[in-house]
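Asks: My structure file entry_18.txt, compact mmCIF, C-alpha atoms, is below:
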```txt
# COMPACT_ATOMS: atom_id res chain seq x y z
CA MET A 1 136.23 91.20 88.41
CA SER A 2 134.18 91.40 91.59
CA GLN A 3 133.86 88.38 93.86
CA THR A 4 130.08 88.38 93.41
CA GLN A 5 130.51 87.96 89.68
CA MET A 6 132.97 85.07 90.11
CA LEU A 7 130.78 83.39 92.69
CA LYS A 8 127.77 83.01 90.41
CA GLY A 9 127.23 79.30 89.94
CA ILE A 10 129.74 78.45 92.63
CA ILE A 11 127.25 79.46 95.34
CA ASP A 12 124.78 76.96 93.87
CA GLY A 13 127.30 74.17 94.37
CA CYS A 14 128.24 75.35 97.87
CA LEU A 15 124.59 75.39 98.96
CA LEU A 16 124.08 71.88 97.58
CA ALA A 17 127.11 70.75 99.59
CA ILE A 18 125.87 72.43 102.78
CA ILE A 19 122.36 71.01 102.43
CA ASN A 20 123.80 67.58 101.64
CA GLU A 21 125.61 67.53 104.97
CA GLU A 22 122.49 68.21 106.97
CA GLU A 23 118.92 69.43 106.34
CA CYS A 24 118.90 73.10 107.19
CA TYR A 25 117.03 76.42 106.74
CA GLY A 26 118.11 79.64 105.05
CA TYR A 27 119.55 81.44 108.03
CA GLU A 28 121.70 78.45 108.98
CA MET A 29 123.05 78.19 105.43
CA ALA A 30 123.95 81.87 105.38
CA THR A 31 125.68 81.59 108.73
CA ARG A 32 127.66 78.58 107.59
CA LEU A 33 128.67 80.25 104.34
CA SER A 34 130.04 83.25 106.20
CA HIS A 35 131.82 80.96 108.69
CA PHE A 36 133.60 79.37 105.75
CA GLY A 37 134.77 82.81 104.69
CA PHE A 38 132.09 83.99 102.26
CA SER A 39 131.47 87.12 104.26
CA SER A 40 131.55 89.60 101.38
CA ILE A 41 128.25 88.43 99.87
CA SER A 42 125.00 89.61 101.45
CA GLU A 43 123.06 86.86 103.20
CA GLY A 44 119.94 87.34 101.10
CA THR A 45 121.83 86.15 98.00
CA ILE A 46 121.03 82.56 98.90
CA TYR A 47 117.26 82.96 98.41
CA PRO A 48 117.18 83.52 94.64
CA VAL A 49 119.56 80.54 94.41
CA LEU A 50 117.29 78.41 96.61
CA LEU A 51 114.30 79.36 94.48
CA ARG A 52 116.21 78.22 91.39
CA LEU A 53 117.37 74.98 92.99
CA GLN A 54 113.77 74.21 93.92
CA LYS A 55 112.53 74.98 90.44
CA GLU A 56 115.15 72.63 89.00
CA GLU A 57 114.01 70.02 91.53
CA LEU A 58 117.46 69.72 93.09
CA VAL A 59 116.10 70.46 96.56
CA THR A 60 112.74 70.14 98.32
CA SER A 61 111.52 72.03 101.34
CA THR A 62 109.27 71.43 104.33
CA ARG A 63 108.25 73.65 107.22
CA LYS A 64 109.00 72.21 110.62
CA LYS A 65 109.96 73.21 114.13
CA SER A 66 113.57 74.40 114.35
CA THR A 67 116.02 73.61 117.12
CA ALA A 68 115.64 77.22 118.26
CA GLY A 69 111.85 76.84 118.60
CA PRO A 70 109.77 78.52 115.89
CA LYS A 71 108.95 76.87 112.58
CA ARG A 72 111.41 77.28 109.71
CA LYS A 73 111.59 76.16 106.09
CA TYR A 74 114.06 73.25 105.89
CA TYR A 75 115.74 72.21 102.66
CA LYS A 76 116.77 68.71 101.63
CA LEU A 77 118.56 67.37 98.52
CA THR A 78 116.64 65.26 96.04
CA GLN A 79 118.16 62.35 94.13
CA LYS A 80 118.68 64.76 91.23
CA GLY A 81 120.32 67.22 93.63
CA GLU A 82 122.81 64.63 94.82
CA GLU A 83 123.73 63.87 91.23
CA GLU A 84 124.11 67.59 90.51
CA LEU A 85 126.38 67.95 93.54
CA ALA A 86 128.61 65.13 92.27
CA ILE A 87 128.86 66.87 88.89
CA PHE A 88 129.68 70.16 90.61
CA LEU A 89 132.44 68.56 92.69
CA ARG A 90 133.97 66.97 89.62
CA ASN A 91 133.80 70.20 87.62
CA TRP A 92 135.16 72.23 90.50
CA SER A 93 138.21 70.07 91.09
CA GLU A 94 139.01 70.25 87.39
CA ILE A 95 138.52 74.02 87.21
CA SER A 96 140.50 74.73 90.36
CA ARG A 97 143.33 72.48 89.18
CA ASN A 98 143.45 74.23 85.80
CA VAL A 99 143.14 77.73 87.24
CA ASN A 100 145.88 76.99 89.76
CA ALA A 101 148.09 75.63 87.02
CA VAL A 102 147.66 78.76 84.95
CA ILE A 103 148.23 81.11 87.86
CA THR A 104 151.24 79.39 89.40
CA ARG A 105 152.97 79.09 86.03
CA LYS A 106 152.45 82.76 85.31
CA VAL A 107 153.58 83.75 88.76
CA GLY A 108 156.61 81.49 88.29
CA GLU A 109 157.50 83.10 84.95
CA VAL A 110 157.24 86.60 86.34
CA LYS A 111 159.56 85.69 89.16
CA ARG A 112 162.20 84.31 86.83
CA MET B 1 111.64 83.08 123.28
CA LYS B 2 110.51 86.71 123.23
CA ASP B 3 108.87 87.98 120.07
CA HIS B 4 111.21 90.15 118.08
CA VAL B 5 109.71 93.18 116.38
CA LEU B 6 111.38 93.83 113.03
CA SER B 7 113.14 97.14 112.44
CA LYS B 8 111.46 99.82 110.35
CA ALA B 9 114.00 99.28 107.56
CA SER B 10 113.23 95.56 107.36
CA GLN B 11 109.48 96.09 107.47
CA GLN B 12 109.75 98.70 104.74
CA PHE B 13 111.84 96.35 102.60
CA LEU B 14 109.36 93.48 103.01
CA GLU B 15 106.42 95.72 102.17
CA ASN B 16 108.16 97.07 99.05
CA LEU B 17 109.06 93.54 98.02
CA ARG B 18 105.48 92.42 98.45
CA VAL B 19 104.14 95.24 96.29
CA TYR B 20 106.87 94.70 93.69
CA LEU B 21 106.28 90.97 93.36
CA PHE B 22 102.53 91.46 93.38
CA THR B 23 102.57 94.04 90.61
CA SER B 24 105.01 91.83 88.70
CA GLY B 25 102.21 89.27 88.59
CA LYS B 26 103.92 86.59 90.67
CA ARG B 27 101.93 83.75 92.19
CA GLU B 28 100.37 84.69 95.52
CA SER B 29 101.43 81.50 97.29
CA GLU B 30 105.04 81.98 96.16
CA ILE B 31 105.02 85.61 97.31
CA HIS B 32 103.69 84.52 100.68
CA ASP B 33 106.36 81.82 101.00
CA ILE B 34 109.34 83.99 100.17
CA LEU B 35 108.07 86.83 102.39
CA GLN B 36 107.62 84.44 105.27
CA GLU B 37 111.11 83.01 104.77
CA LEU B 38 112.71 86.44 104.54
CA THR B 39 110.75 87.69 107.57
CA GLU B 40 112.17 84.75 109.54
CA HIS B 41 115.69 85.34 108.23
CA LEU B 42 115.54 89.05 109.05
CA THR B 43 114.17 88.25 112.51
CA ASP B 44 117.00 85.78 113.21
CA ALA B 45 119.58 88.18 111.77
CA GLU B 46 118.33 91.16 113.78
CA ARG B 47 118.40 89.08 116.94
CA GLY B 48 122.05 88.41 116.07
CA GLY B 49 122.68 92.15 115.74
CA LYS B 50 122.84 92.32 111.94
CA SER B 51 121.44 95.17 109.85
CA THR B 52 118.90 94.90 107.03
CA GLU B 53 121.64 95.88 104.58
CA GLU B 54 123.77 92.87 105.49
CA ILE B 55 120.90 90.67 104.35
CA VAL B 56 119.50 92.43 101.29
CA GLY B 57 122.77 94.00 100.11
CA GLN B 58 123.42 97.56 99.11
CA SER B 59 120.80 97.70 96.42
CA PRO B 60 117.39 96.45 97.55
CA LYS B 61 116.17 97.11 94.01
CA ALA B 62 118.70 94.71 92.47
CA TYR B 63 117.93 92.15 95.16
CA MET B 64 114.19 92.35 94.51
CA GLU B 65 114.84 91.86 90.81
CA SER B 66 117.02 88.81 91.42
CA LEU B 67 114.26 87.23 93.53
CA SER B 68 111.59 88.16 91.04
CA SER B 69 113.48 86.65 88.11
CA GLU B 70 113.44 83.24 89.82
CA MET B 71 109.72 83.31 90.54
CA ASN B 72 106.89 82.15 88.32
CA ARG B 73 104.49 84.59 86.86
CA ASP B 74 100.93 83.90 87.81
CA TYR B 75 98.91 84.47 84.70
CA ARG B 76 95.93 82.75 86.22
CA THR B 77 95.35 85.06 89.16
CA TRP B 78 96.03 88.09 87.02
CA GLY B 79 94.03 86.91 84.10
CA LEU B 80 91.12 85.55 86.07
CA LYS B 81 90.97 87.67 89.17
CA ILE B 82 92.67 91.01 89.29
CA ILE B 83 92.29 92.40 85.78
CA PRO B 84 88.64 91.32 85.45
CA MET B 85 87.97 92.79 88.87
CA LEU B 86 89.46 96.14 87.93
CA LEU B 87 87.64 96.13 84.61
CA LEU B 88 84.37 95.01 86.11
CA GLY B 89 84.76 97.66 88.79
CA ALA B 90 85.27 100.39 86.24
CA ILE B 91 82.40 99.20 84.05
CA SER B 92 79.92 98.74 86.87
CA PHE B 93 80.89 102.14 88.17
CA LEU B 94 80.00 103.87 84.92
CA PHE B 95 77.00 101.64 84.37
CA ILE B 96 75.40 102.23 87.77
CA GLN B 97 75.93 105.95 87.41
CA ASP B 98 74.00 105.95 84.13
CA LEU B 99 71.39 103.67 85.60
CA LEU B 100 70.73 106.08 88.47
CA GLN B 101 70.54 109.02 86.11
CA GLY B 102 68.28 107.16 83.69
CA GLU B 103 70.60 107.61 80.69
CA PHE B 104 70.72 104.36 78.96
CA ALA B 105 71.72 104.66 75.35
CA TYR B 106 75.29 104.52 74.15
CA SER B 107 76.92 105.43 70.87
CA MET B 108 79.70 103.38 69.32
CA ILE B 109 82.20 106.18 69.98
CA GLN B 110 81.19 106.27 73.65
CA ILE B 111 81.64 102.54 74.05
CA THR B 112 85.04 102.60 72.29
CA GLY B 113 86.09 105.56 74.45
CA TYR B 114 85.16 103.77 77.66
CA LEU B 115 87.05 100.66 76.60
CA LEU B 116 90.19 102.60 75.63
CA PHE B 117 89.98 104.51 78.90
CA ILE B 118 89.76 101.32 80.95
CA ILE B 119 92.65 99.65 79.11
CA SER B 120 95.02 102.64 79.24
CA PHE B 121 94.13 103.39 82.85
CA LEU B 122 94.73 99.85 84.09
CA GLY B 123 97.85 99.25 82.01
CA GLY B 124 99.41 102.58 82.97
CA VAL B 125 98.71 102.26 86.69
CA LEU B 126 100.07 98.70 86.82
CA VAL B 127 103.30 99.68 85.08
CA ALA B 128 103.69 102.71 87.34
CA PHE B 129 103.14 100.65 90.49
CA ASN B 130 105.69 98.12 89.36
CA LEU B 131 108.35 100.76 88.67
CA LEU B 132 107.64 102.62 91.90
CA ALA B 133 107.86 99.60 94.16
CA LYS B 134 111.44 98.86 93.13
CA SER B 135 112.95 101.89 94.81
CA LYS B 136 112.01 104.60 97.20
CA LYS B 137 111.05 107.78 95.38
CA SER B 138 110.08 111.18 96.68
CA PHE B 139 106.41 111.96 97.14
CA VAL B 140 106.41 114.38 94.20
CA LYS B 141 107.99 111.76 91.91
CA GLU B 142 105.48 109.13 93.02
CA MET B 143 102.62 111.49 92.25
CA ILE B 144 104.04 112.23 88.80
CA TRP B 145 104.56 108.52 88.04
CA LEU B 146 101.04 107.58 89.08
CA GLY B 147 99.44 110.77 87.84
CA THR B 148 100.68 110.45 84.27
CA PRO B 149 98.73 107.29 83.33
CA VAL B 150 95.65 108.56 85.15
CA LEU B 151 95.82 111.88 83.34
CA LEU B 152 96.51 110.31 79.95
CA SER B 153 93.61 107.88 80.21
CA MET B 154 91.32 110.71 81.32
CA LEU B 155 92.36 112.70 78.25
CA ILE B 156 91.48 109.72 76.06
CA LEU B 157 88.06 109.49 77.69
CA ILE B 158 87.38 113.21 77.45
CA GLY B 159 88.56 113.17 73.83
CA ALA B 160 86.15 110.36 73.03
CA LEU B 161 83.26 112.12 74.75
CA ILE B 162 83.93 115.39 72.89
CA LEU B 163 84.20 113.48 69.62
CA ASP B 164 80.92 111.78 70.44
CA GLN B 165 79.15 115.11 70.72
CA ASN B 166 80.36 116.29 67.35
CA VAL B 167 80.31 113.13 65.28
CA VAL B 168 77.24 110.97 64.82
CA SER B 169 77.82 107.27 65.30
CA PRO B 170 75.35 104.37 65.53
CA MET B 171 73.43 104.27 68.80
CA ILE B 172 72.83 101.19 70.86
CA GLU B 173 69.69 101.56 72.94
CA LEU B 174 68.27 99.33 75.62
CA GLY B 175 64.57 99.09 76.44
CA ILE B 176 63.27 99.00 80.00
CA VAL B 177 63.37 95.19 80.09
CA GLY B 178 66.95 95.23 78.89
CA GLN B 179 67.86 97.76 81.56
CA ILE B 180 66.34 95.71 84.36
CA LEU B 181 67.93 92.52 83.11
CA LEU B 182 71.35 94.14 82.79
CA SER B 183 71.03 95.71 86.23
CA ILE B 184 70.22 92.38 87.85
CA LEU B 185 73.03 90.73 85.93
CA MET B 186 75.51 93.43 86.95
CA ILE B 187 74.55 93.35 90.62
CA SER B 188 74.66 89.57 90.93
CA PHE B 189 77.97 89.61 89.07
CA VAL B 190 79.46 92.13 91.52
CA ILE B 191 78.27 90.17 94.55
CA SER B 192 79.37 86.72 93.40
CA PHE B 193 82.67 88.12 92.19
CA SER B 194 83.36 89.69 95.57
CA PHE B 195 82.84 86.37 97.32
CA TRP B 196 85.07 84.61 94.85
CA ALA B 197 87.88 87.21 94.98
CA LYS B 198 87.51 87.41 98.77
CA THR B 199 87.41 91.20 98.83
CA PHE B 200 84.52 93.58 99.12
CA ILE B 201 86.38 96.59 97.79
CA LEU B 202 84.23 96.71 94.64
CA PRO B 203 80.76 96.95 96.27
CA ILE B 204 82.25 99.26 98.91
CA ILE B 205 83.46 101.66 96.23
CA LEU B 206 80.17 101.45 94.34
CA ILE B 207 78.11 102.15 97.45
CA ALA B 208 80.48 104.82 98.72
CA PHE B 209 80.21 106.79 95.50
CA HIS B 210 76.58 106.25 94.60
CA LEU B 211 74.59 106.04 97.80
CA PRO B 212 75.55 109.34 99.53
CA PRO B 213 74.41 111.59 96.61
CA ILE B 214 70.99 109.89 96.60
CA LEU B 215 70.55 110.30 100.34
CA LEU B 216 71.93 113.83 100.31
CA ALA B 217 69.39 114.82 97.66
CA TYR B 218 66.72 114.56 100.37
CA THR B 219 68.50 117.10 102.58
CA PRO B 220 67.89 120.85 102.29
CA LEU B 221 71.61 121.48 101.54
CA THR B 222 72.60 123.31 98.36
CA SER B 223 73.81 121.13 95.48
CA ASP B 224 77.40 122.41 95.80
CA ILE B 225 77.60 121.36 99.42
CA GLN B 226 75.88 118.09 98.57
CA SER B 227 78.45 117.11 95.97
CA LEU B 228 81.32 118.20 98.20
CA LEU B 229 79.96 116.16 101.10
CA ALA B 230 79.34 113.18 98.83
CA THR B 231 82.97 113.19 97.67
CA VAL B 232 84.30 113.49 101.21
CA ILE B 233 82.07 110.65 102.43
CA ALA B 234 83.02 108.43 99.46
CA PHE B 235 86.76 108.77 99.98
CA GLY B 236 86.38 108.54 103.75
CA VAL B 237 84.53 105.24 103.53
CA ILE B 238 87.06 103.75 101.07
CA ILE B 239 90.07 104.86 103.11
CA LEU B 240 88.53 103.45 106.29
CA TYR B 241 87.84 100.14 104.55
CA LEU B 242 91.42 99.93 103.22
CA MET B 243 92.91 100.81 106.60
CA PHE B 244 90.77 98.17 108.28
CA THR B 245 91.70 95.39 105.84
CA ASN B 246 95.39 96.41 105.77
CA ASP B 247 95.59 96.07 109.54
CA GLU B 248 94.24 92.54 109.28
CA ASP B 249 96.83 91.66 106.64
CA ASP B 250 99.71 93.09 108.64
CA LYS B 251 98.77 91.11 111.70
CA LYS B 252 98.81 87.96 109.62
CA SER B 253 102.06 88.54 107.76
CA TYR B 254 104.33 89.72 110.55
CA ALA B 255 103.40 87.08 113.10
CA THR B 256 106.16 84.46 113.17
```
Reformat the file's structure so that it appears as structure tokens.

Replies:
Amino acid sequence: MSQTQMLKGIIDGCLLAIINEEECYGYEMATRLSHFGFSSISEGTIYPVLLRLQKEELVTSTRKKSTAGPKRKYYKLTQKGEEELAIFLRNWSEISRNVNAVITRKVGEVKR
Amino acid sequence: MKDHVLSKASQQFLENLRVYLFTSGKRESEIHDILQELTEHLTDAERGGKSTEEIVGQSPKAYMESLSSEMNRDYRTWGLKIIPMLLLGAISFLFIQDLLQGEFAYSMIQITGYLLFIISFLGGVLVAFNLLAKSKKSFVKEMIWLGTPVLLSMLILIGALILDQNVVSPMIELGIVGQILLSILMISFVISFSFWAKTFILPIILIAFHLPPILLAYTPLTSDIQSLLATVIAFGVIILYLMFTNDEDDKKSYAT
């Protein structure tokens, strides 16, 4: 399975987490994602996700002057977005715990 | 900060995306927004030394589709603006031609033929545009893609006109009053529509095709040369108009 396939859905949660930390625009999000290690996905991938998050009213956007100078489109979480992020975090910790459990047990059995 | 000029690859991608989203019937304001955002992203990325491919991925086509699938279709603009404009353009074109030649009676077969022609022509060209915009194709392939619907719809029209000559169907005739009324209606429709749609392409095409032959008829040139000149002038005027308006658009969309 390719990373891109696995990342579907997870990227949504990561973007919510990044935006929650600080209002930011697309390029900043992409840069942060790749700093955290998501370098295999192309930067443009975030835009379809942002469009979806906006449609689901999880984020809102406004155009304003960026720190670098020119105007950029800044994203901010809505109340609904914050709730969605909490759900994502809960789901993720459960999934990662379960997946880890499965993997480590298997790896352990093979070793034995 | 110095203005960054986008690379050819990025500009090409943005232009293809614009055409693709437009022919997919997406809302104009949404197309503008996403293009602006991507232009800014590409500008920032290129300043940082990244390539277009790092942003849009290895398949621009797949990327365009993923954007498109998250955007709303704009039935209003298409239903109220573009399709009526294309239809009105085609109808007024045929209508004014007949008006100038003084032929003003239509048979049922003729009317059906015209309608089928308009529908198949518009539908085919829209589908072809949409498919073409997704990926870069060779010139020959583009011509085949676009040429097929044009050719097919022409065949339908020619078929209807041949049928009309051999089969008698009820005639619909307009008196002189009807002609004048319809002419006034058509002209005021074209003018008000142009203001509303904010483009003068329709009257430009009508004038470009119909005015030169009338003026050329007063010259001592032979009719062959007249029709050749008329065609050249018509296409020249339309191409100039498109180039002029395209330039304006480009200046607007690439300024960040």

Asks: How many Å separate CA of Leu221 in chain B from CA of Phe209 in chain B?

Replies: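 Separation between CA of Leu221 in chain B and CA of Phe209 in chain B: 18.1 Å.
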
Asks: Can you pull out every residue within 6 Å of range 70-83 of chain A, counting all atoms listed in the file, but drop anything in the same chain fewer than 4 positions away, and send it as a PyMOL selection string?

Replies: chain A and resi 23-25+58-66

Asks: Starting from chain A, keep only residues with some atom at most 12 Å from an atom of chain B, counting all atoms listed in the file, and report them as a compact mmCIF listing (two decimals) with C-alpha atoms, keeping the file's coordinate frame.

Replies:
```
# COMPACT_ATOMS: atom_id res chain seq x y z
CA THR A 4 130.08 88.38 93.41
CA TYR A 25 117.03 76.42 106.74
CA GLY A 26 118.11 79.64 105.05
CA TYR A 27 119.55 81.44 108.03
CA GLU A 28 121.70 78.45 108.98
CA MET A 29 123.05 78.19 105.43
CA ALA A 30 123.95 81.87 105.38
CA THR A 31 125.68 81.59 108.73
CA SER A 34 130.04 83.25 106.20
CA SER A 39 131.47 87.12 104.26
CA SER A 40 131.55 89.60 101.38
CA ILE A 41 128.25 88.43 99.87
CA SER A 42 125.00 89.61 101.45
CA GLU A 43 123.06 86.86 103.20
CA GLY A 44 119.94 87.34 101.10
CA THR A 45 121.83 86.15 98.00
CA ILE A 46 121.03 82.56 98.90
CA TYR A 47 117.26 82.96 98.41
CA PRO A 48 117.18 83.52 94.64
CA VAL A 49 119.56 80.54 94.41
CA LEU A 50 117.29 78.41 96.61
CA LEU A 51 114.30 79.36 94.48
CA ARG A 52 116.21 78.22 91.39
CA LEU A 53 117.37 74.98 92.99
CA GLN A 54 113.77 74.21 93.92
CA LYS A 55 112.53 74.98 90.44
CA GLU A 56 115.15 72.63 89.00
CA SER A 61 111.52 72.03 101.34
CA THR A 62 109.27 71.43 104.33
CA ARG A 63 108.25 73.65 107.22
CA LYS A 65 109.96 73.21 114.13
CA SER A 66 113.57 74.40 114.35
CA ALA A 68 115.64 77.22 118.26
CA GLY A 69 111.85 76.84 118.60
CA PRO A 70 109.77 78.52 115.89
CA LYS A 71 108.95 76.87 112.58
CA ARG A 72 111.41 77.28 109.71
CA LYS A 73 111.59 76.16 106.09
CA TYR A 74 114.06 73.25 105.89
CA TYR A 75 115.74 72.21 102.66
```

Asks: Find the distance between CA of Ser24 in chain B and CA of Thr199 in chain B and write it in Å to one decimal.

Replies: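 Between these atoms lies a distance of 20.3 Å.
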
Asks: What is the CA of Leu88 in chain B-CA of Leu163 in chain B distance in Å, reported with one decimal?

Replies: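 So the two atoms, CA of Leu88 in chain B and CA of Leu163 in chain B, lie 24.8 Å apart.
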
Asks: For Asn16 in chain B, which residue out of B:Val125, B:Ile204, B:Leu35, B:Val168 is the nearest one, using only C-alpha atoms?

Replies: B:Leu35

Asks: Identify which of the residues B:Leu115, B:His210, B:Leu242, B:Glu28 lies closest to Gln101 in chain B, counting all atoms listed in the file when measuring atom-to-atom distances.

Replies: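 Nearest candidate to Gln101 in chain B out of B:Leu115, B:His210, B:Leu242, B:Glu28: B:His210.
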